[in-house]
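Shown next: work.cif, containing mmCIF, C-alpha atoms.
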```cif
data_model
loop_
_atom_site.label_atom_id
_atom_site.label_comp_id
_atom_site.auth_asym_id
_atom_site.auth_seq_id
_atom_site.Cartn_x
_atom_site.Cartn_y
_atom_site.Cartn_z
CA MET A 11 123.38 82.55 85.73
CA GLU A 12 125.52 82.32 88.86
CA PHE A 13 125.64 86.08 89.45
CA TRP A 14 121.89 86.40 88.89
CA GLN A 15 121.04 83.54 91.21
CA ASN A 16 123.19 85.12 93.93
CA ILE A 17 122.14 88.70 93.21
CA TYR A 18 121.04 89.37 96.78
CA SER A 19 124.53 88.50 98.00
CA ASN A 20 126.01 91.04 95.58
CA PHE A 21 123.44 93.81 95.99
CA ASP A 22 123.09 96.42 98.72
CA PRO A 23 119.44 97.47 99.25
CA VAL A 24 120.73 100.80 100.59
CA ALA A 25 121.46 103.22 97.73
CA PHE A 26 123.20 105.85 99.86
CA ASN A 27 123.20 107.41 103.32
CA ILE A 28 122.36 110.94 104.44
CA GLY A 29 123.90 111.17 107.88
CA SER A 30 122.30 108.43 109.97
CA ILE A 31 119.41 107.97 107.52
CA SER A 32 119.71 105.22 104.91
CA VAL A 33 118.03 105.80 101.56
CA HIS A 34 116.96 102.44 100.14
CA TRP A 35 116.47 101.52 96.51
CA TYR A 36 112.96 100.54 97.63
CA GLY A 37 112.14 104.17 98.38
CA ILE A 38 113.74 105.39 95.19
CA MET A 39 111.67 102.94 93.13
CA TYR A 40 108.46 104.05 94.82
CA ALA A 41 109.33 107.68 94.08
CA LEU A 42 109.92 106.70 90.45
CA ALA A 43 106.58 104.87 90.45
CA LEU A 44 104.79 108.05 91.49
CA LEU A 45 106.67 110.29 89.07
CA SER A 46 106.24 107.93 86.13
CA ALA A 47 102.50 107.52 86.84
CA ILE A 48 102.07 111.31 86.79
CA PHE A 49 104.17 111.68 83.62
CA VAL A 50 102.29 108.96 81.75
CA ALA A 51 98.86 110.28 82.76
CA LYS A 52 99.80 113.82 81.68
CA TRP A 53 101.18 112.51 78.41
CA PHE A 54 97.85 110.89 77.59
CA ILE A 55 95.96 114.06 78.57
CA LYS A 56 98.07 116.06 76.12
CA HIS A 57 98.40 113.45 73.36
CA ASP A 58 94.73 112.41 73.34
CA LYS A 59 93.55 116.02 73.89
CA LEU A 60 91.46 115.08 76.92
CA PRO A 61 89.22 117.84 78.31
CA ILE A 62 90.86 118.53 81.67
CA SER A 63 93.11 121.43 82.67
CA ASN A 64 96.65 120.91 83.87
CA ASP A 65 95.95 122.82 87.11
CA LEU A 66 92.95 120.68 87.96
CA PHE A 67 94.87 117.46 87.32
CA ASP A 68 97.80 118.69 89.42
CA SER A 69 95.38 119.32 92.29
CA TYR A 70 93.92 115.84 91.82
CA ILE A 71 97.39 114.25 92.06
CA TRP A 72 97.77 115.50 95.64
CA TRP A 73 94.39 114.10 96.66
CA ALA A 74 95.09 110.76 94.98
CA GLU A 75 98.57 110.40 96.46
CA ILE A 76 97.37 111.10 100.00
CA GLY A 77 94.61 108.54 99.50
CA VAL A 78 97.10 105.97 98.17
CA ILE A 79 99.54 106.40 101.08
CA LEU A 80 96.86 106.30 103.77
CA GLY A 81 95.06 103.39 102.11
CA ALA A 82 98.22 101.36 101.50
CA ARG A 83 99.37 101.55 105.11
CA ILE A 84 95.98 101.15 106.77
CA GLY A 85 95.06 98.39 104.32
CA TYR A 86 98.20 96.43 105.20
CA ILE A 87 97.42 96.75 108.89
CA ILE A 88 93.83 95.54 108.42
CA PHE A 89 94.48 92.78 105.86
CA TYR A 90 97.91 91.46 106.79
CA ASP A 91 99.38 92.77 110.05
CA PRO A 92 98.94 90.47 113.10
CA ASN A 93 99.25 93.55 115.32
CA ALA A 94 96.26 95.27 113.70
CA MET A 95 94.48 95.98 116.99
CA TYR A 96 97.57 97.68 118.41
CA TYR A 97 97.84 100.07 115.47
CA LEU A 98 94.12 100.75 115.38
CA THR A 99 94.22 101.71 119.06
CA HIS A 100 97.54 103.56 118.66
CA PRO A 101 97.03 105.32 115.29
CA TRP A 102 99.96 107.67 115.91
CA ASP A 103 102.29 104.69 115.39
CA ILE A 104 100.90 103.78 111.96
CA PHE A 105 103.31 106.14 110.21
CA ASN A 106 106.01 106.25 112.90
CA PRO A 107 109.37 105.61 111.12
CA PHE A 108 111.29 105.26 114.40
CA PHE A 109 111.67 102.21 116.63
CA ASN A 110 113.40 102.57 120.00
CA GLY A 111 114.76 105.92 118.84
CA GLU A 112 116.26 104.49 115.65
CA PHE A 113 115.08 105.42 112.15
CA VAL A 114 113.86 102.20 110.50
CA GLY A 115 111.47 103.64 107.93
CA ILE A 116 107.90 102.52 107.27
CA SER A 117 107.29 99.02 105.95
CA GLY A 118 104.09 97.18 105.18
CA MET A 119 101.98 98.52 102.34
CA SER A 120 98.96 96.87 100.73
CA TYR A 121 98.16 97.39 97.06
CA HIS A 122 94.47 96.70 97.60
CA GLY A 123 94.42 99.15 100.50
CA ALA A 124 96.13 101.73 98.28
CA PHE A 125 93.50 101.18 95.60
CA ILE A 126 90.65 101.67 98.08
CA GLY A 127 92.33 104.84 99.37
CA PHE A 128 92.74 106.04 95.80
CA LEU A 129 89.04 105.44 95.08
CA ILE A 130 87.87 107.29 98.19
CA ALA A 131 90.17 110.26 97.54
CA SER A 132 89.13 110.39 93.87
CA ILE A 133 85.41 110.33 94.69
CA LEU A 134 85.82 113.14 97.24
CA PHE A 135 87.88 115.20 94.80
CA CYS A 136 85.37 114.74 91.98
CA ARG A 137 82.44 115.72 94.19
CA LYS A 138 84.27 118.83 95.38
CA ASN A 139 85.28 119.91 91.88
CA LYS A 140 82.23 118.60 90.00
CA VAL A 141 84.29 116.34 87.73
CA SER A 142 83.21 112.96 86.36
CA PHE A 143 84.80 110.28 88.55
CA TRP A 144 84.83 107.69 85.79
CA PHE A 145 86.39 110.08 83.27
CA LEU A 146 89.20 110.87 85.70
CA ALA A 147 89.62 107.22 86.71
CA ASP A 148 90.20 106.22 83.08
CA ILE A 149 93.12 108.64 82.92
CA ALA A 150 94.52 107.60 86.28
CA VAL A 151 94.70 103.85 85.62
CA LEU A 152 96.92 104.39 82.59
CA GLY A 153 99.48 106.09 84.81
CA ILE A 154 98.97 103.67 87.70
CA SER A 155 99.63 100.58 85.58
CA ALA A 156 102.81 102.12 84.16
CA GLY A 157 104.13 103.28 87.53
CA TYR A 158 103.30 99.95 89.14
CA VAL A 159 106.29 98.36 87.40
CA PHE A 160 108.72 100.43 89.49
CA GLY A 161 106.85 99.57 92.67
CA ARG A 162 107.34 95.84 92.17
CA ILE A 163 110.98 96.34 91.21
CA GLY A 164 111.28 98.16 94.52
CA ASN A 165 109.92 95.07 96.27
CA PHE A 166 112.55 92.99 94.47
CA PHE A 167 115.39 95.30 95.53
CA ASN A 168 114.08 95.30 99.09
CA GLN A 169 114.13 91.48 99.15
CA GLU A 170 110.48 91.25 100.19
CA LEU A 171 107.35 89.50 98.88
CA ILE A 172 109.61 86.62 97.92
CA GLY A 173 108.67 83.78 95.60
CA ARG A 174 108.03 80.12 96.29
CA GLU A 175 110.76 77.52 96.10
CA THR A 176 111.73 76.31 92.62
CA ASP A 177 114.64 74.80 90.69
CA LEU A 178 114.12 76.82 87.50
CA PRO A 179 117.37 78.20 86.03
CA TRP A 180 116.39 81.85 86.62
CA ALA A 181 115.55 81.28 90.28
CA ILE A 182 117.43 83.38 92.86
CA TYR A 183 118.79 82.47 96.27
CA VAL A 184 116.90 83.95 99.21
CA ASP A 185 118.47 82.92 102.53
CA GLY A 186 120.06 79.92 100.84
CA VAL A 187 116.88 78.73 99.10
CA LEU A 188 116.23 79.03 95.34
CA ARG A 189 112.98 80.90 94.75
CA HIS A 190 110.95 82.45 91.94
CA PRO A 191 111.73 86.17 91.43
CA SER A 192 107.98 86.65 91.84
CA GLN A 193 108.25 90.42 92.28
CA LEU A 194 109.50 90.66 88.69
CA TYR A 195 106.70 88.37 87.51
CA GLU A 196 104.28 90.80 89.12
CA ALA A 197 106.03 93.80 87.58
CA PHE A 198 105.42 92.26 84.15
CA LEU A 199 101.95 90.75 84.66
CA GLU A 200 100.34 93.44 86.81
CA GLY A 201 102.27 96.37 85.34
CA VAL A 202 103.67 96.00 81.81
CA LEU A 203 101.01 93.62 80.46
CA VAL A 204 98.05 95.49 81.95
CA PHE A 205 99.43 98.83 80.68
CA ILE A 206 99.91 97.49 77.14
CA ILE A 207 96.31 96.22 77.02
CA LEU A 208 94.86 99.49 78.37
CA PHE A 209 97.05 101.50 75.98
CA ALA A 210 95.82 99.46 73.03
CA ILE A 211 92.10 99.81 73.82
CA ARG A 212 91.99 103.34 75.28
CA ASN A 213 90.61 104.95 72.11
CA ARG A 214 88.04 102.21 71.62
CA LYS A 215 86.18 102.61 74.89
CA THR A 216 82.44 103.15 74.58
CA PHE A 217 81.74 104.77 77.97
CA ASN A 218 83.60 106.62 80.72
CA GLY A 219 84.91 104.23 83.33
CA GLN A 220 85.50 101.35 80.95
CA LEU A 221 89.30 101.54 81.20
CA ALA A 222 89.17 101.86 84.99
CA ILE A 223 86.92 98.81 85.30
CA TYR A 224 89.00 96.82 82.83
CA TYR A 225 92.02 97.71 84.96
CA GLY A 226 90.31 96.29 88.03
CA ILE A 227 89.58 93.05 86.18
CA LEU A 228 92.97 92.73 84.49
CA TYR A 229 94.98 93.54 87.61
CA SER A 230 92.97 91.10 89.71
CA LEU A 231 93.46 88.25 87.25
CA ALA A 232 97.18 89.03 86.87
CA ARG A 233 97.60 89.14 90.67
CA ILE A 234 95.84 85.80 91.11
CA ILE A 235 98.21 84.21 88.57
CA ALA A 236 101.26 85.79 90.23
CA GLU A 237 100.16 84.55 93.66
CA PHE A 238 100.83 80.96 92.52
CA PHE A 239 104.54 81.88 92.33
CA ARG A 240 104.66 84.11 95.41
CA GLU A 241 105.25 82.85 98.94
CA PRO A 242 102.18 83.56 101.09
CA ASP A 243 102.63 86.12 103.85
CA ILE A 244 104.43 84.36 106.68
CA GLN A 245 102.05 85.67 109.34
CA LEU A 246 99.01 84.33 107.43
CA GLY A 247 100.18 81.36 105.37
CA PHE A 248 97.63 79.64 103.14
CA LEU A 249 94.03 80.40 103.99
CA TYR A 250 92.61 77.19 102.54
CA GLY A 251 93.72 73.94 100.95
CA GLY A 252 97.40 74.75 100.66
CA TRP A 253 96.81 77.10 97.71
CA LEU A 254 94.47 80.00 98.62
CA THR A 255 96.28 83.14 99.79
CA MET A 256 94.96 86.45 101.11
CA GLY A 257 96.13 88.13 97.90
CA MET A 258 94.07 85.68 95.83
CA LEU A 259 91.00 86.12 98.01
CA ILE A 260 91.03 89.92 97.90
CA SER A 261 91.84 89.94 94.17
CA GLY A 262 88.97 87.55 93.52
CA ILE A 263 86.58 89.87 95.36
CA PHE A 264 87.92 92.86 93.39
CA ALA A 265 87.48 90.96 90.11
CA ILE A 266 83.85 90.09 90.89
CA MET A 267 83.12 93.69 91.90
CA SER A 268 84.80 95.02 88.75
CA ILE A 269 82.85 92.66 86.46
CA SER A 270 79.62 93.71 88.17
CA LEU A 271 80.52 97.38 87.74
CA LEU A 272 81.20 96.79 84.04
CA PHE A 273 77.54 95.98 83.46
CA ILE A 274 76.15 98.56 85.91
CA VAL A 275 78.17 101.53 84.62
CA ASN A 276 77.69 100.57 80.98
CA LYS A 277 73.92 100.31 81.46
CA LYS A 278 73.79 103.62 83.32
CA ASP A 279 75.91 105.39 80.69
CA ASN A 280 73.74 104.09 77.85
CA LYS A 281 70.63 105.44 79.58
#
```
Translate the structure of the given file into C-alpha coordinates.
Amino acid sequence: MEFWQNIYSNFDPVAFNIGSISVHWYGIMYALALLSAIFVAKWFIKHDKLPISNDLFDSYIWWAEIGVILGARIGYIIFYDPNAMYYLTHPWDIFNPFFNGEFVGISGMSYHGAFIGFLIASILFCRKNKVSFWFLADIAVLGISAGYVFGRIGNFFNQELIGRETDLPWAIYVDGVLRHPSQLYEAFLEGVLVFIILFAIRNRKTFNGQLAIYYGILYSLARIIAEFFREPDIQLGFLYGGWLTMGMLISGIFAIMSISLLFIVNKKDNK
(Lines of atoms letter the chains of each structure in order from A and count residues from 1; the text may use other names and numbers.)
(Lines give C-alpha, C1' and ligand atoms only; values in the text may rest on other atoms or scores of the structure.)
Protein backbone atom coordinates (compact mmCIF):
# COMPACT_ATOMS: atom_id res chain seq x y z
CA MET A 1 0.00 0.00 0.00
CA GLU A 2 3.03 2.29 0.18
CA PHE A 3 2.78 3.43 -3.44
CA TRP A 4 -0.96 4.04 -3.12
CA GLN A 5 -0.62 6.01 0.08
CA ASN A 6 2.03 8.21 -1.55
CA ILE A 7 0.30 8.42 -4.93
CA TYR A 8 0.29 12.21 -4.98
CA SER A 9 4.08 12.21 -4.64
CA ASN A 10 4.34 9.92 -7.67
CA PHE A 11 1.67 11.50 -9.85
CA ASP A 12 1.81 14.60 -12.03
CA PRO A 13 -1.59 16.33 -12.31
CA VAL A 14 -0.43 17.77 -15.65
CA ALA A 15 -0.99 15.26 -18.47
CA PHE A 16 0.93 17.19 -21.12
CA ASN A 17 1.80 20.71 -22.26
CA ILE A 18 0.86 22.58 -25.41
CA GLY A 19 3.34 25.42 -25.54
CA SER A 20 2.89 27.41 -22.33
CA ILE A 21 -0.53 25.86 -21.62
CA SER A 22 -0.67 22.86 -19.29
CA VAL A 23 -3.38 20.28 -19.91
CA HIS A 24 -4.35 18.71 -16.60
CA TRP A 25 -5.82 15.27 -16.01
CA TYR A 26 -8.62 17.18 -14.28
CA GLY A 27 -9.67 18.73 -17.59
CA ILE A 28 -9.35 15.45 -19.44
CA MET A 29 -11.59 13.72 -16.89
CA TYR A 30 -14.23 16.42 -17.19
CA ALA A 31 -14.16 16.07 -20.98
CA LEU A 32 -14.61 12.31 -20.54
CA ALA A 33 -17.48 12.97 -18.13
CA LEU A 34 -19.29 15.00 -20.77
CA LEU A 35 -18.61 12.54 -23.59
CA SER A 36 -19.60 9.50 -21.53
CA ALA A 37 -22.82 11.19 -20.36
CA ILE A 38 -23.78 11.89 -23.98
CA PHE A 39 -22.85 8.35 -25.10
CA VAL A 40 -24.82 6.69 -22.29
CA ALA A 41 -27.91 8.86 -22.84
CA LYS A 42 -27.87 8.14 -26.58
CA TRP A 43 -27.42 4.44 -25.93
CA PHE A 44 -30.57 4.37 -23.82
CA ILE A 45 -32.49 6.36 -26.45
CA LYS A 46 -31.56 3.76 -29.08
CA HIS A 47 -31.75 0.64 -26.89
CA ASP A 48 -35.05 1.52 -25.20
CA LYS A 49 -36.50 2.97 -28.45
CA LEU A 50 -37.38 6.28 -26.80
CA PRO A 51 -39.44 8.69 -28.92
CA ILE A 52 -36.94 11.50 -29.52
CA SER A 53 -34.93 12.26 -32.65
CA ASN A 54 -31.16 12.28 -32.67
CA ASP A 55 -31.07 15.85 -34.04
CA LEU A 56 -33.32 17.17 -31.29
CA PHE A 57 -31.26 15.49 -28.59
CA ASP A 58 -28.02 16.82 -30.10
CA SER A 59 -29.48 20.32 -29.93
CA TYR A 60 -30.50 19.74 -26.32
CA ILE A 61 -26.95 18.69 -25.39
CA TRP A 62 -25.65 22.17 -26.28
CA TRP A 63 -28.29 23.88 -24.17
CA ALA A 64 -27.69 21.55 -21.22
CA GLU A 65 -23.90 21.88 -21.35
CA ILE A 66 -24.02 25.67 -21.42
CA GLY A 67 -26.41 25.58 -18.46
CA VAL A 68 -24.11 23.19 -16.57
CA ILE A 69 -20.97 25.29 -17.11
CA LEU A 70 -22.64 28.59 -16.21
CA GLY A 71 -24.43 27.08 -13.23
CA ALA A 72 -21.36 25.25 -11.90
CA ARG A 73 -19.18 28.35 -11.90
CA ILE A 74 -21.78 30.83 -10.69
CA GLY A 75 -23.02 28.34 -8.10
CA TYR A 76 -19.52 27.94 -6.67
CA ILE A 77 -19.14 31.70 -6.42
CA ILE A 78 -22.48 32.09 -4.63
CA PHE A 79 -22.28 29.03 -2.35
CA TYR A 80 -18.57 28.71 -1.58
CA ASP A 81 -16.36 31.56 -2.77
CA PRO A 82 -15.50 34.19 -0.10
CA ASN A 83 -14.95 36.70 -2.92
CA ALA A 84 -18.50 36.32 -4.23
CA MET A 85 -19.24 40.06 -4.22
CA TYR A 86 -16.14 40.78 -6.29
CA TYR A 87 -17.15 38.32 -9.00
CA LEU A 88 -20.78 39.42 -8.99
CA THR A 89 -19.66 43.02 -9.53
CA HIS A 90 -16.93 41.99 -12.00
CA PRO A 91 -18.72 39.25 -14.00
CA TRP A 92 -16.11 39.36 -16.77
CA ASP A 93 -13.66 37.71 -14.35
CA ILE A 94 -15.92 34.73 -13.59
CA PHE A 95 -14.54 32.77 -16.54
CA ASN A 96 -11.18 34.53 -16.85
CA PRO A 97 -8.49 31.78 -17.05
CA PHE A 98 -5.60 34.26 -16.69
CA PHE A 99 -4.11 35.75 -13.53
CA ASN A 100 -1.49 38.49 -13.83
CA GLY A 101 -1.05 37.55 -17.49
CA GLU A 102 -0.44 33.87 -16.73
CA PHE A 103 -2.78 31.06 -17.81
CA VAL A 104 -3.98 29.34 -14.63
CA GLY A 105 -7.24 27.84 -15.87
CA ILE A 106 -10.63 28.07 -14.19
CA SER A 107 -11.12 26.43 -10.80
CA GLY A 108 -14.09 26.33 -8.50
CA MET A 109 -17.16 24.49 -9.73
CA SER A 110 -20.27 23.57 -7.75
CA TYR A 111 -22.25 20.43 -8.52
CA HIS A 112 -25.44 21.89 -7.10
CA GLY A 113 -24.93 25.04 -9.15
CA ALA A 114 -24.38 22.87 -12.23
CA PHE A 115 -27.61 21.02 -11.51
CA ILE A 116 -29.58 24.27 -11.18
CA GLY A 117 -28.05 25.52 -14.44
CA PHE A 118 -28.96 22.23 -16.09
CA LEU A 119 -32.57 22.52 -14.90
CA ILE A 120 -32.97 26.10 -16.14
CA ALA A 121 -31.43 25.30 -19.54
CA SER A 122 -33.58 22.17 -19.88
CA ILE A 123 -36.80 24.01 -19.03
CA LEU A 124 -36.02 26.76 -21.57
CA PHE A 125 -35.15 24.19 -24.24
CA CYS A 126 -38.32 22.19 -23.64
CA ARG A 127 -40.52 25.28 -23.81
CA LYS A 128 -38.88 26.38 -27.04
CA ASN A 129 -39.17 22.96 -28.68
CA LYS A 130 -42.44 21.86 -27.05
CA VAL A 131 -40.90 18.76 -25.48
CA SER A 132 -41.85 17.22 -22.13
CA PHE A 133 -39.30 18.39 -19.57
CA TRP A 134 -39.76 15.35 -17.36
CA PHE A 135 -39.43 12.92 -20.26
CA LEU A 136 -36.14 14.52 -21.28
CA ALA A 137 -34.90 14.75 -17.68
CA ASP A 138 -35.36 11.00 -17.22
CA ILE A 139 -33.01 10.40 -20.15
CA ALA A 140 -30.50 12.99 -19.01
CA VAL A 141 -30.00 11.71 -15.46
CA LEU A 142 -28.94 8.28 -16.74
CA GLY A 143 -26.09 9.92 -18.63
CA ILE A 144 -25.31 12.39 -15.85
CA SER A 145 -24.92 9.69 -13.19
CA ALA A 146 -22.59 7.69 -15.45
CA GLY A 147 -20.46 10.67 -16.45
CA TYR A 148 -20.27 11.89 -12.86
CA VAL A 149 -17.78 9.12 -12.06
CA PHE A 150 -15.14 10.73 -14.30
CA GLY A 151 -15.77 14.13 -12.75
CA ARG A 152 -14.94 12.90 -9.26
CA ILE A 153 -11.89 11.02 -10.53
CA GLY A 154 -10.83 14.35 -11.99
CA ASN A 155 -11.12 15.89 -8.52
CA PHE A 156 -8.92 13.09 -7.19
CA PHE A 157 -6.25 13.64 -9.86
CA ASN A 158 -6.37 17.38 -9.21
CA GLN A 159 -5.75 16.80 -5.49
CA GLU A 160 -8.82 18.80 -4.47
CA LEU A 161 -11.91 18.19 -2.32
CA ILE A 162 -9.68 16.16 -0.03
CA GLY A 163 -10.89 13.78 2.65
CA ARG A 164 -10.75 14.01 6.42
CA GLU A 165 -7.87 12.61 8.43
CA THR A 166 -7.89 8.85 9.04
CA ASP A 167 -5.54 5.94 9.75
CA LEU A 168 -7.31 3.42 7.52
CA PRO A 169 -4.92 1.31 5.40
CA TRP A 170 -6.18 2.75 2.09
CA ALA A 171 -5.74 6.36 3.21
CA ILE A 172 -3.47 8.58 1.10
CA TYR A 173 -1.00 11.25 2.12
CA VAL A 174 -2.06 14.82 1.36
CA ASP A 175 0.60 17.32 2.44
CA GLY A 176 2.00 14.77 4.88
CA VAL A 177 -1.36 13.86 6.44
CA LEU A 178 -3.19 10.56 5.85
CA ARG A 179 -6.70 11.25 4.56
CA HIS A 180 -9.70 9.44 3.11
CA PRO A 181 -9.67 9.34 -0.72
CA SER A 182 -13.12 10.90 -0.44
CA GLN A 183 -13.28 11.86 -4.13
CA LEU A 184 -13.26 8.14 -5.00
CA TYR A 185 -15.93 7.47 -2.37
CA GLU A 186 -18.05 10.09 -4.12
CA ALA A 187 -17.32 8.62 -7.54
CA PHE A 188 -18.74 5.31 -6.31
CA LEU A 189 -21.63 6.55 -4.13
CA GLU A 190 -22.85 9.49 -6.22
CA GLY A 191 -21.91 8.02 -9.60
CA VAL A 192 -21.66 4.22 -9.89
CA LEU A 193 -24.23 3.33 -7.23
CA VAL A 194 -26.81 5.90 -8.34
CA PHE A 195 -26.39 4.85 -12.00
CA ILE A 196 -26.87 1.15 -11.18
CA ILE A 197 -30.09 1.88 -9.28
CA LEU A 198 -31.50 4.11 -12.05
CA PHE A 199 -30.48 1.55 -14.69
CA ALA A 200 -32.27 -1.21 -12.80
CA ILE A 201 -35.56 0.66 -12.36
CA ARG A 202 -35.72 2.65 -15.62
CA ASN A 203 -38.23 0.33 -17.29
CA ARG A 204 -40.41 0.17 -14.20
CA LYS A 205 -41.19 3.85 -13.87
CA THR A 206 -44.87 4.74 -13.73
CA PHE A 207 -44.70 8.40 -14.81
CA ASN A 208 -42.35 10.76 -16.65
CA GLY A 209 -39.96 12.45 -14.26
CA GLN A 210 -39.74 9.55 -11.83
CA LEU A 211 -36.13 8.73 -12.70
CA ALA A 212 -35.11 12.39 -12.56
CA ILE A 213 -36.69 12.83 -9.13
CA TYR A 214 -35.22 9.57 -7.85
CA TYR A 215 -31.85 10.85 -9.05
CA GLY A 216 -32.29 14.01 -6.99
CA ILE A 217 -33.09 11.95 -3.90
CA LEU A 218 -30.39 9.31 -4.41
CA TYR A 219 -27.64 11.81 -5.23
CA SER A 220 -28.52 13.98 -2.24
CA LEU A 221 -28.43 11.04 0.18
CA ALA A 222 -25.16 9.74 -1.32
CA ARG A 223 -23.59 13.21 -1.08
CA ILE A 224 -24.62 13.59 2.56
CA ILE A 225 -22.97 10.25 3.38
CA ALA A 226 -19.82 11.19 1.47
CA GLU A 227 -19.60 14.53 3.26
CA PHE A 228 -18.82 12.68 6.52
CA PHE A 229 -15.52 11.57 4.91
CA ARG A 230 -14.76 14.81 3.06
CA GLU A 231 -12.92 17.76 4.57
CA PRO A 232 -15.23 20.79 4.69
CA ASP A 233 -14.30 23.69 2.42
CA ILE A 234 -11.48 25.54 4.11
CA GLN A 235 -13.06 28.96 3.58
CA LEU A 236 -16.32 27.82 5.23
CA GLY A 237 -15.45 25.06 7.69
CA PHE A 238 -18.29 23.41 9.59
CA LEU A 239 -21.52 25.38 9.62
CA TYR A 240 -22.85 23.89 12.85
CA GLY A 241 -21.84 21.54 15.64
CA GLY A 242 -18.59 20.34 14.13
CA TRP A 243 -20.41 18.11 11.61
CA LEU A 244 -22.73 20.12 9.32
CA THR A 245 -21.11 21.21 6.05
CA MET A 246 -22.41 23.38 3.22
CA GLY A 247 -22.56 20.29 1.00
CA MET A 248 -24.79 18.54 3.54
CA LEU A 249 -27.05 21.56 3.93
CA ILE A 250 -27.61 22.07 0.19
CA SER A 251 -28.02 18.32 -0.40
CA GLY A 252 -30.58 18.14 2.41
CA ILE A 253 -32.57 20.95 0.79
CA PHE A 254 -32.36 19.20 -2.60
CA ALA A 255 -33.53 15.92 -1.03
CA ILE A 256 -36.57 17.56 0.59
CA MET A 257 -37.45 19.32 -2.68
CA SER A 258 -37.05 16.08 -4.64
CA ILE A 259 -39.26 14.10 -2.24
CA SER A 260 -41.91 16.82 -2.47
CA LEU A 261 -41.72 16.75 -6.27
CA LEU A 262 -42.16 12.97 -6.24
CA PHE A 263 -45.66 13.35 -4.83
CA ILE A 264 -46.56 16.49 -6.81
CA VAL A 265 -45.50 15.18 -10.23
CA ASN A 266 -46.95 11.72 -9.61
CA LYS A 267 -50.30 13.22 -8.60
CA LYS A 268 -50.32 15.56 -11.60
CA ASP A 269 -49.40 12.75 -14.02
CA ASN A 270 -52.15 10.50 -12.66
CA LYS A 271 -54.71 13.25 -13.21
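With CA of Ile38 in chain A on one side and CA of Gly161 in chain A on the other, the separation reads 9.4 Å.
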Handout entry: Selection result for the PyMOL selection byres ((chain A and resi 150) around 10) on this file, as a PyMOL selection string
Key = chain A and resi 47-48+50-52+54+67+70-71+74+128+132+144-149+151-155+221-222
Residue selection dump (C-alpha atoms) as a CSV table (one decimal), keeping the file's coordinate frame:
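Here's the written file result18.csv:
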```
chain,number,residue,atom,x,y,z
A,47,ALA,CA,102.5,107.5,86.8
A,48,ILE,CA,102.1,111.3,86.8
A,50,VAL,CA,102.3,109.0,81.8
A,51,ALA,CA,98.9,110.3,82.8
A,52,LYS,CA,99.8,113.8,81.7
A,54,PHE,CA,97.8,110.9,77.6
A,67,PHE,CA,94.9,117.5,87.3
A,70,TYR,CA,93.9,115.8,91.8
A,71,ILE,CA,97.4,114.2,92.1
A,74,ALA,CA,95.1,110.8,95.0
A,128,PHE,CA,92.7,106.0,95.8
A,132,SER,CA,89.1,110.4,93.9
A,144,TRP,CA,84.8,107.7,85.8
A,145,PHE,CA,86.4,110.1,83.3
A,146,LEU,CA,89.2,110.9,85.7
A,147,ALA,CA,89.6,107.2,86.7
A,148,ASP,CA,90.2,106.2,83.1
A,149,ILE,CA,93.1,108.6,82.9
A,151,VAL,CA,94.7,103.8,85.6
A,152,LEU,CA,96.9,104.4,82.6
A,153,GLY,CA,99.5,106.1,84.8
A,154,ILE,CA,99.0,103.7,87.7
A,155,SER,CA,99.6,100.6,85.6
A,221,LEU,CA,89.3,101.5,81.2
A,222,ALA,CA,89.2,101.9,85.0
```
Problem - Hits from the PyMOL selection byres ((chain A and resi 235) around 12), listed as a PyMOL selection string - result: chain A and resi 192+195-196+198-200+228-234+236-240+253-255+257-258+261-262
Practice task
Find, counting all atoms listed in the file, the residue in A:Tyr97, A:Phe125, A:Phe21, A:Tyr225 that gets nearest to Glu75 in chain A.
Solution key: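 Ranking A:Tyr97, A:Phe125, A:Phe21, A:Tyr225 by distance to Glu75 in chain A, first place goes to A:Phe125.
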Practice task
Please indicate the distance in Å from CA of Asn213 in chain A to CA of Ile126 in chain A, rounded to one decimal place.
Solution key: 26.2 Å
Practice task
For each of A:Ile227, A:Ala210, A:Ala124, A:Ile244, take the minimum atom-to-atom distance to Ile172 in chain A, counting only C-alpha atoms, then give the residue where this is smallest.
Solution key: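 Nearest to Ile172 in chain A: A:Ile244.
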For Asp185 in chain A, work out the shell of residues within 10 Å, counting all atoms listed in the file and skipping chain neighbours fewer than 3 positions away, then give it as a PDB file with C-alpha atoms, in the frame of the given file.
```
ATOM      1  CA  TYR A  18     121.040  89.370  96.780  1.00  0.00           C
ATOM      2  CA  SER A  19     124.530  88.500  98.000  1.00  0.00           C
ATOM      3  CA  ILE A 182     117.430  83.380  92.860  1.00  0.00           C
ATOM      4  CA  LEU A 188     116.230  79.030  95.340  1.00  0.00           C
ATOM      5  CA  ARG A 189     112.980  80.900  94.750  1.00  0.00           C
TER       6      ARG A 189
END
```
Problem - Nearest-residue call for Val159 in chain A, choices A:Leu44, A:Gly173, A:Asn218, A:Phe89, using only C-alpha atoms - result: A:Leu44
Practice task
Expand the PyMOL selection byres ((chain A and resi 276) around 12) into the individual residues it matches in the shown file, reporting them as number ranges by chain.
Solution key: A: 144, 215-221, 223, 268-275, 277-281
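Taking CA of Met11 in chain A and CA of Leu194 in chain A as endpoints, the distance between them is 16.3 Å.
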Can you list every residue of range 136-227 of chain A that has an atom at most 12 Å from range 24-27 of chain A, with its nearest atom pair and the distance in Å to one decimal, using only C-alpha atoms, ordered by chain then number, as a Markdown table?
```
| residue | atom | partner | partner_atom | distance |
| --- | --- | --- | --- | --- |
| A:Gly164 | CA | A:Val24 | CA | 11.5 |
| A:Phe167 | CA | A:Val24 | CA | 9.2 |
| A:Asn168 | CA | A:Val24 | CA | 8.8 |
| A:Gln169 | CA | A:Val24 | CA | 11.5 |
```
Please determine an axis-aligned box that encloses all atoms of range 178-197 of chain A listed in the file, with 5 Å added on each side, and express its centre and edge lengths in Å to one decimal as JSON.
```
{"center_x": 112.2, "center_y": 85.3, "center_z": 94.3, "size_x": 25.8, "size_y": 27.0, "size_z": 26.5}
```
Exercise for the section: Determine the nearest neighbour of Gly201 in chain A from the options A:Gly186, A:Gly157, A:Pro242, A:Gly81, counting only C-alpha atoms. Expected result: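 Once distances to Gly201 in chain A are computed over only C-alpha atoms, the minimum belongs to A:Gly157.
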Handout entry: Counting all atoms listed in the file, the option among A:Ile62, A:Met95, A:Phe13, A:Asp22 closest to His34 in chain A
Key =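 Smallest separation from His34 in chain A among the options: A:Asp22.
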Handout entry: Nearest to Leu42 in chain A by atom-to-atom distance, counting only C-alpha atoms, from A:Lys138, A:Arg162, A:His57, A:Arg214
Key =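 Checking each of A:Lys138, A:Arg162, A:His57, A:Arg214 against Leu42 in chain A, counting only C-alpha atoms, the winner is A:Arg162.
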